[in-house]
Amino acid sequence: MPRRKTKAKATKRKAASSYREKAPVRRDLETEKFPADYEDALYTYVNAYLDSIKDDTARYTKKAAAFADYQERRSTVPVGGGHAKTRTLKVDFSDDGLVPLMEIADLNYCDLFDIVFASLIKEKRESAGYSVVQSRQMTPDKEELQHICDFLADEEFKRLQKLAFEMSPAFWNTPQALKWTPTERTWTIAERKLPARARGPMLPIELKTPGLEKALRDNHHGTRIPIEDIPAIAEYFHVSIHWLVMGSDKIAATAKKPRTESVLTAYCFMSEAAKKDFLATARFIAEKSSAGKEA
Amino acid sequence: METEKTPQFTIIIADKPEEEALASIDSSSSSKAAKKQAEAKHAAEVQDRVKSIKAGQEKVYPVDVQSLYAEPNPTLRTKLIATVLDACRGEIMQRTDAVIKEKYGRSRCAIAEDCGMDQTALARTLNRRFYLPMDSCEKFCYKYLNKSIHELFFGFPKATPLPRHLNFLGQELDRLNGSGSDGAYELCSLYMLCKEIFDRDEDKFQGSLNAPVVEGAAFAICRERLYEIADGVFSIPEEGAGRVLSSNVRAWIRKIQYSEEANGTTFAIMHLAIEYQTTMDYLLVRNYVQVGDICYRDEDGSEVIIKDRYARDIFGMILQMSEKARTEFIRQAWYRLLFK
């Protein structure tokens with residue numbers, strides 16, 4: 001006969017369990033992690049980069065210290081639950097995970113795909129029967145806009161940025177959207193841009209790699225999208241790769257200045273009519289401004 | 001495993017971990033069952049409402065668009081909207097017939113010819129069952145009834161929301177209107193600039209009220225506008241701007257998108273106007289500023305009607321301009337509004 005528990009005890013237990021649910025847990029604080037092979041490739045590149053700048057002592061010392069600090073910070077994370085143990089955090093797409101490493105290695109997001117992960121991406125894409133999509137590919141209008149934004153003065157740029165945000169759809173720029181992982185971002189645009197029948201077995205051929213097909217078939221959004229397919233997704237949906245990888249404000253993808261990426265992202269989401277109007281406005285402003293004239 | 005009943009909730013006390021798992025399954029399945037029961041109850045309520053509307057027991061005109069839009073189940077929503085719109089026809093017919101009789105007397109034949117309908121079709125529309133072809137809507141409502149298409153079909157006027165890429169321009173022009181004499185002067189000068197570009201524009205769309213009705217013109221505008229709405233939220237029309245649509249509505253949208261024949265029905269357009277929270281004028285008329293109000297969506301999502309005549313006229317001209325002229329005006333307008 002099981003022992004009957006009192007009502008008070010049960011209430012206490014329920015309160016404790018609800019407290020447990022509300023307390024922040026480790027996985028809430030993390031974003032999408034890199035697979036081990038990509039993580040290794042990134043660390044290998046950072047180490048090789050540090051070796052290559054050894055001659056420039058001041059720079060090397062600064063970067064090596066930053067790298068050591070990063071490793072120290074990531075490897076001494078308490079496990080929690082009152083244990084004295086620590087664990088090492090894997091590299092993820094967040095501002096604390098990937099961005100410091102990219103800053104140490106002077107990388108931008110396109111370099112990450114086209115140089116650091118190049119061999120891995122080539123191997124994985126080709127084994128699935130797909131060619132590699134270069135992340136730097138840009139249409140002439142985007143190149144022109146990027147050029148204009150890079151050269152505009154700060155004040156003019158801020159106004160143009162405001163106009164870009166107002167002319168493009170609002171969904172990608174909400175506080176919640178800023179927290180979306182690359183998988184969630186891919187799901188969002190796939191749900192908006194692909195008819196329901198095309199998200200199943202009729203997935204467009206450009207997106208039908210085994211990893212991506214598996215991720216898009218998982219309705220719980222638990223399967224992460226393969227890193228090697230991110231440039232292909234950006235290319236297919238005409239969205240900014242910087243936005244797709246949760247790009248930081250401090251690091252650019254294709255532009256010279258990181259600030260330009262926000263305008264390029266907004267531009268990618270605009271309708272065709274809005275794109276024409278916005279590009280004409282940017283051109284006109286560049287013609288009128290002194291910095292733009294130089295450009 | 002034992003249960004204790006309290007007025008608010010049931011506490012399930014488990015002694016072993018496996019019992020805890022069972023308890024959680026039990027609670028989740030009970031909540032699912034409750035949800036299912038609530039859904040079934042709601043479906044029965046909607047079915048009852050449909051029956052009462054069909055029997056003529058419920059007054060549905062003017063149409064309460066918001067309550068129809070708020071129905072969460074897409075299939076029930078489609079059914080409800082279809083019933084409500086069908087039930088409105090009698091009322092629309094009576095009201096329209098009275099106005100036409102009073103204003104135009106026996107000249108119905110000329111009206112029918114001008115609106116691109118044959119005489120018998122108009123007589124049937126006004127005496128038996130109200131139906132207006134898509135192409136005839138603009139002329140019939142704007143020219144002969146002097147009211148918006150939305151007002152005729154739904155029984156109340158509604159301001160047309162500007163598309164996303166013109167929304168901010170609407171907001172800025174409205175701000176100018178409310179910012180004293182300098183703002184009014186700036187607005188007036190923007191109007192003059194727009195008028196100048198509009199007059200110079202050789203490829204602009206001509207006003208259609210005094211021209212013969214062109215077959216398929218309204219259908220082409222509808223297709224264009226569906227894409228405009230969808231592009232405004234980075235979506236495809238079929239995905240309903242992030243809203244789940246019933247299979248019937250999806251089929252209409254696909255038909256409008258891909259069908260080579262211009263064979264849409266006004267009924268489908270009414271349905272789409274509800275689903276997309278816009279007006280029928282937006283879906284059928286190139287220059288929807290001619291009759292009826294326009295509005296922009298504020299930062300908090302509320303709709304603000306643009307009342308200023310200059311601002312309205314600017315949008316009227318923008319909607320009729322060719323792409324080249326529109327771009328020319330908009331770039332200069334933004335330069336003046338934000339950068340000067």
# chains A, B, ... in the order shown; residues from 1 in each chain; ligands from 1
$ interface_residues --of "chain A" --to "chain B" --cutoff "7 Å" --atoms "only C-alpha atoms" --output "number ranges by chain"
A: 10, 159, 166-169, 192-193, 195, 269, 271, 274, 276-277, 280-281, 284-285
$ select_by_dssp --residues "segment 7-159 of chain A" --states "strand (DSSP E or B)" --output "ChimeraX atom specification"
/A:33,77-78,86-87,92
$ select_by_dssp --residues "segment 47-121 of chain B" --states "alpha helix (DSSP H)" --output "PyMOL selection string"
chain B and resi 47-54+65-69+74-104+108-114+119-121
$ closest_atom_pairs --of "segment 158-208 of chain A" --to "segment 257-268 of chain A" --cutoff "6 Å" --atoms "only C-alpha atoms" --output "JSON lines"
{"residue": "A:Gln161", "atom": "CA", "partner": "A:Val263", "partner_atom": "CA", "distance": 5.7}
{"residue": "A:Ala164", "atom": "CA", "partner": "A:Ala266", "partner_atom": "CA", "distance": 5.9}
{"residue": "A:Phe165", "atom": "CA", "partner": "A:Ala266", "partner_atom": "CA", "distance": 6.0}
{"residue": "A:Ser168", "atom": "CA", "partner": "A:Ala266", "partner_atom": "CA", "distance": 5.6}
$ residues_around --residues "segment 105-110 of chain B" --least-positions-apart "2" --cutoff "12 Å" --atoms "only C-alpha atoms" --output "PDB file with N, CA, C and O atoms, in the first residue's frame"
ATOM      1  N   ASP B  97     -31.035  49.365 -55.692  1.00  0.00           N
ATOM      2  CA  ASP B  97     -32.165  49.566 -56.603  1.00  0.00           C
ATOM      3  C   ASP B  97     -32.873  50.890 -56.274  1.00  0.00           C
ATOM      4  O   ASP B  97     -33.208  51.666 -57.180  1.00  0.00           O
ATOM      5  N   ALA B  98     -33.030  51.155 -54.984  1.00  0.00           N
ATOM      6  CA  ALA B  98     -33.705  52.400 -54.577  1.00  0.00           C
ATOM      7  C   ALA B  98     -32.924  53.616 -55.061  1.00  0.00           C
ATOM      8  O   ALA B  98     -33.509  54.559 -55.603  1.00  0.00           O
ATOM      9  N   VAL B  99     -31.598  53.585 -54.871  1.00  0.00           N
ATOM     10  CA  VAL B  99     -30.756  54.726 -55.274  1.00  0.00           C
ATOM     11  C   VAL B  99     -30.812  54.910 -56.793  1.00  0.00           C
ATOM     12  O   VAL B  99     -30.987  56.032 -57.287  1.00  0.00           O
ATOM     13  N   ILE B 100     -30.683  53.837 -57.513  1.00  0.00           N
ATOM     14  CA  ILE B 100     -30.659  53.918 -58.985  1.00  0.00           C
ATOM     15  C   ILE B 100     -32.010  54.455 -59.498  1.00  0.00           C
ATOM     16  O   ILE B 100     -32.042  55.312 -60.372  1.00  0.00           O
ATOM     17  N   LYS B 101     -33.081  53.950 -58.906  1.00  0.00           N
ATOM     18  CA  LYS B 101     -34.414  54.402 -59.331  1.00  0.00           C
ATOM     19  C   LYS B 101     -34.572  55.904 -59.072  1.00  0.00           C
ATOM     20  O   LYS B 101     -35.043  56.653 -59.926  1.00  0.00           O
ATOM     21  N   GLU B 102     -34.135  56.314 -57.873  1.00  0.00           N
ATOM     22  CA  GLU B 102     -34.313  57.705 -57.493  1.00  0.00           C
ATOM     23  C   GLU B 102     -33.450  58.647 -58.331  1.00  0.00           C
ATOM     24  O   GLU B 102     -33.896  59.697 -58.779  1.00  0.00           O
ATOM     25  N   LYS B 103     -32.193  58.236 -58.568  1.00  0.00           N
ATOM     26  CA  LYS B 103     -31.265  59.134 -59.243  1.00  0.00           C
ATOM     27  C   LYS B 103     -31.357  59.065 -60.766  1.00  0.00           C
ATOM     28  O   LYS B 103     -31.183  60.058 -61.450  1.00  0.00           O
ATOM     29  N   ALA B 112     -26.050  50.288 -67.690  1.00  0.00           N
ATOM     30  CA  ALA B 112     -25.543  48.935 -67.954  1.00  0.00           C
ATOM     31  C   ALA B 112     -24.497  48.971 -69.055  1.00  0.00           C
ATOM     32  O   ALA B 112     -23.411  48.368 -68.925  1.00  0.00           O
ATOM     33  N   GLU B 113     -24.789  49.708 -70.114  1.00  0.00           N
ATOM     34  CA  GLU B 113     -23.847  49.782 -71.238  1.00  0.00           C
ATOM     35  C   GLU B 113     -22.537  50.442 -70.805  1.00  0.00           C
ATOM     36  O   GLU B 113     -21.453  49.980 -71.138  1.00  0.00           O
ATOM     37  N   ASP B 114     -22.660  51.528 -70.027  1.00  0.00           N
ATOM     38  CA  ASP B 114     -21.467  52.257 -69.578  1.00  0.00           C
ATOM     39  C   ASP B 114     -20.604  51.392 -68.656  1.00  0.00           C
ATOM     40  O   ASP B 114     -19.386  51.500 -68.654  1.00  0.00           O
ATOM     41  N   CYS B 115     -21.256  50.539 -67.881  1.00  0.00           N
ATOM     42  CA  CYS B 115     -20.505  49.700 -66.921  1.00  0.00           C
ATOM     43  C   CYS B 115     -20.052  48.371 -67.531  1.00  0.00           C
ATOM     44  O   CYS B 115     -19.509  47.509 -66.819  1.00  0.00           O
ATOM     45  N   GLY B 116     -20.287  48.186 -68.792  1.00  0.00           N
ATOM     46  CA  GLY B 116     -19.813  46.968 -69.465  1.00  0.00           C
ATOM     47  C   GLY B 116     -20.661  45.756 -69.153  1.00  0.00           C
ATOM     48  O   GLY B 116     -20.163  44.626 -69.176  1.00  0.00           O
ATOM     49  N   MET B 117     -21.947  45.974 -68.810  1.00  0.00           N
ATOM     50  CA  MET B 117     -22.848  44.831 -68.546  1.00  0.00           C
ATOM     51  C   MET B 117     -23.974  44.865 -69.582  1.00  0.00           C
ATOM     52  O   MET B 117     -24.261  45.930 -70.138  1.00  0.00           O
ATOM     53  N   ASP B 118     -24.628  43.704 -69.794  1.00  0.00           N
ATOM     54  CA  ASP B 118     -25.792  43.821 -70.665  1.00  0.00           C
ATOM     55  C   ASP B 118     -27.004  44.171 -69.800  1.00  0.00           C
ATOM     56  O   ASP B 118     -27.007  43.993 -68.579  1.00  0.00           O
ATOM     57  N   GLN B 119     -28.031  44.644 -70.477  1.00  0.00           N
ATOM     58  CA  GLN B 119     -29.168  45.216 -69.758  1.00  0.00           C
ATOM     59  C   GLN B 119     -29.853  44.195 -68.842  1.00  0.00           C
ATOM     60  O   GLN B 119     -30.248  44.508 -67.722  1.00  0.00           O
ATOM     61  N   THR B 120     -29.974  42.979 -69.357  1.00  0.00           N
ATOM     62  CA  THR B 120     -30.665  41.955 -68.564  1.00  0.00           C
ATOM     63  C   THR B 120     -29.879  41.602 -67.307  1.00  0.00           C
ATOM     64  O   THR B 120     -30.453  41.337 -66.255  1.00  0.00           O
ATOM     65  N   ALA B 121     -28.542  41.636 -67.447  1.00  0.00           N
ATOM     66  CA  ALA B 121     -27.699  41.312 -66.283  1.00  0.00           C
ATOM     67  C   ALA B 121     -27.923  42.348 -65.188  1.00  0.00           C
ATOM     68  O   ALA B 121     -28.027  41.997 -64.003  1.00  0.00           O
ATOM     69  N   LEU B 122     -27.998  43.611 -65.567  1.00  0.00           N
ATOM     70  CA  LEU B 122     -28.209  44.657 -64.558  1.00  0.00           C
ATOM     71  C   LEU B 122     -29.608  44.525 -63.935  1.00  0.00           C
ATOM     72  O   LEU B 122     -29.755  44.662 -62.715  1.00  0.00           O
ATOM     73  N   ALA B 123     -30.588  44.222 -64.786  1.00  0.00           N
ATOM     74  CA  ALA B 123     -31.953  44.066 -64.258  1.00  0.00           C
ATOM     75  C   ALA B 123     -31.987  42.907 -63.256  1.00  0.00           C
ATOM     76  O   ALA B 123     -32.580  43.011 -62.180  1.00  0.00           O
ATOM     77  N   ARG B 124     -31.313  41.822 -63.611  1.00  0.00           N
ATOM     78  CA  ARG B 124     -31.277  40.653 -62.719  1.00  0.00           C
ATOM     79  C   ARG B 124     -30.583  41.016 -61.403  1.00  0.00           C
ATOM     80  O   ARG B 124     -31.008  40.636 -60.312  1.00  0.00           O
ATOM     81  N   THR B 125     -29.505  41.792 -61.539  1.00  0.00           N
ATOM     82  CA  THR B 125     -28.734  42.204 -60.361  1.00  0.00           C
ATOM     83  C   THR B 125     -29.591  43.046 -59.410  1.00  0.00           C
ATOM     84  O   THR B 125     -29.501  42.884 -58.199  1.00  0.00           O
ATOM     85  N   LEU B 126     -30.401  43.924 -59.990  1.00  0.00           N
ATOM     86  CA  LEU B 126     -31.150  44.845 -59.141  1.00  0.00           C
ATOM     87  C   LEU B 126     -32.507  44.295 -58.700  1.00  0.00           C
ATOM     88  O   LEU B 126     -33.103  44.814 -57.766  1.00  0.00           O
ATOM     89  N   PHE B 140     -19.578  51.441 -61.616  1.00  0.00           N
ATOM     90  CA  PHE B 140     -20.926  51.400 -61.042  1.00  0.00           C
ATOM     91  C   PHE B 140     -20.961  52.103 -59.682  1.00  0.00           C
ATOM     92  O   PHE B 140     -21.849  52.895 -59.408  1.00  0.00           O
ATOM     93  N   TYR B 144     -21.864  56.047 -60.439  1.00  0.00           N
ATOM     94  CA  TYR B 144     -23.327  56.112 -60.318  1.00  0.00           C
ATOM     95  C   TYR B 144     -23.822  56.146 -58.876  1.00  0.00           C
ATOM     96  O   TYR B 144     -24.868  56.701 -58.592  1.00  0.00           O
TER      97      TYR B 144
END
$ residues_around --residues "segment 209-219 of chain A" --least-positions-apart "2" --cutoff "9 Å" --atoms "only C-alpha atoms" --output "PyMOL selection string"
chain A and resi 125+128-130+183+186-187+190+199-201+203+205-207+221-226+229
$ atom_distance --atom1 "atom CA of Cys88 of chain B" --atom2 "atom CA of His271 of chain B"
13.0 Å
$ residues_around --residues "segment 53-55 of chain B" --least-positions-apart "4" --cutoff "7 Å" --atoms "only C-alpha atoms" --output "list in words"
Arg49, Thr83, Val84 and Ala87 of chain B
$ write_last_selection --atoms "N, CA and C atoms" --output "PDB file, in the first residue's frame"
ATOM      1  N   ARG B  49     -25.057  29.327 -35.870  1.00  0.00           N
ATOM      2  CA  ARG B  49     -25.129  30.704 -36.357  1.00  0.00           C
ATOM      3  C   ARG B  49     -25.348  30.702 -37.881  1.00  0.00           C
ATOM      4  N   THR B  83     -21.593  32.466 -45.802  1.00  0.00           N
ATOM      5  CA  THR B  83     -23.015  32.580 -45.445  1.00  0.00           C
ATOM      6  C   THR B  83     -23.419  34.033 -45.251  1.00  0.00           C
ATOM      7  N   VAL B  84     -22.576  34.761 -44.509  1.00  0.00           N
ATOM      8  CA  VAL B  84     -22.890  36.170 -44.231  1.00  0.00           C
ATOM      9  C   VAL B  84     -22.963  36.961 -45.534  1.00  0.00           C
ATOM     10  N   ALA B  87     -25.987  36.198 -47.503  1.00  0.00           N
ATOM     11  CA  ALA B  87     -27.210  36.746 -46.903  1.00  0.00           C
ATOM     12  C   ALA B  87     -27.344  38.251 -47.119  1.00  0.00           C
TER      13      ALA B  87
END
$ residues_around --residues "Arg225 of chain B" --least-positions-apart "4" --cutoff "8 Å" --atoms "only C-alpha atoms" --output "list in words"
Ile221, Ile229, Tyr282 and Leu283 of chain B
$ residues_around --residues "Ala234 of chain A" --least-positions-apart "4" --cutoff "12 Å" --atoms "only C-alpha atoms" --output "PyMOL selection string"
chain A and resi 133-138+182+185-186+189-190+206-207+227-230+238-245+265+268-269
$ atom_distance --atom1 "atom CA of Met321 of chain B" --atom2 "atom CA of Lys204 of chain B"
4.5 Å
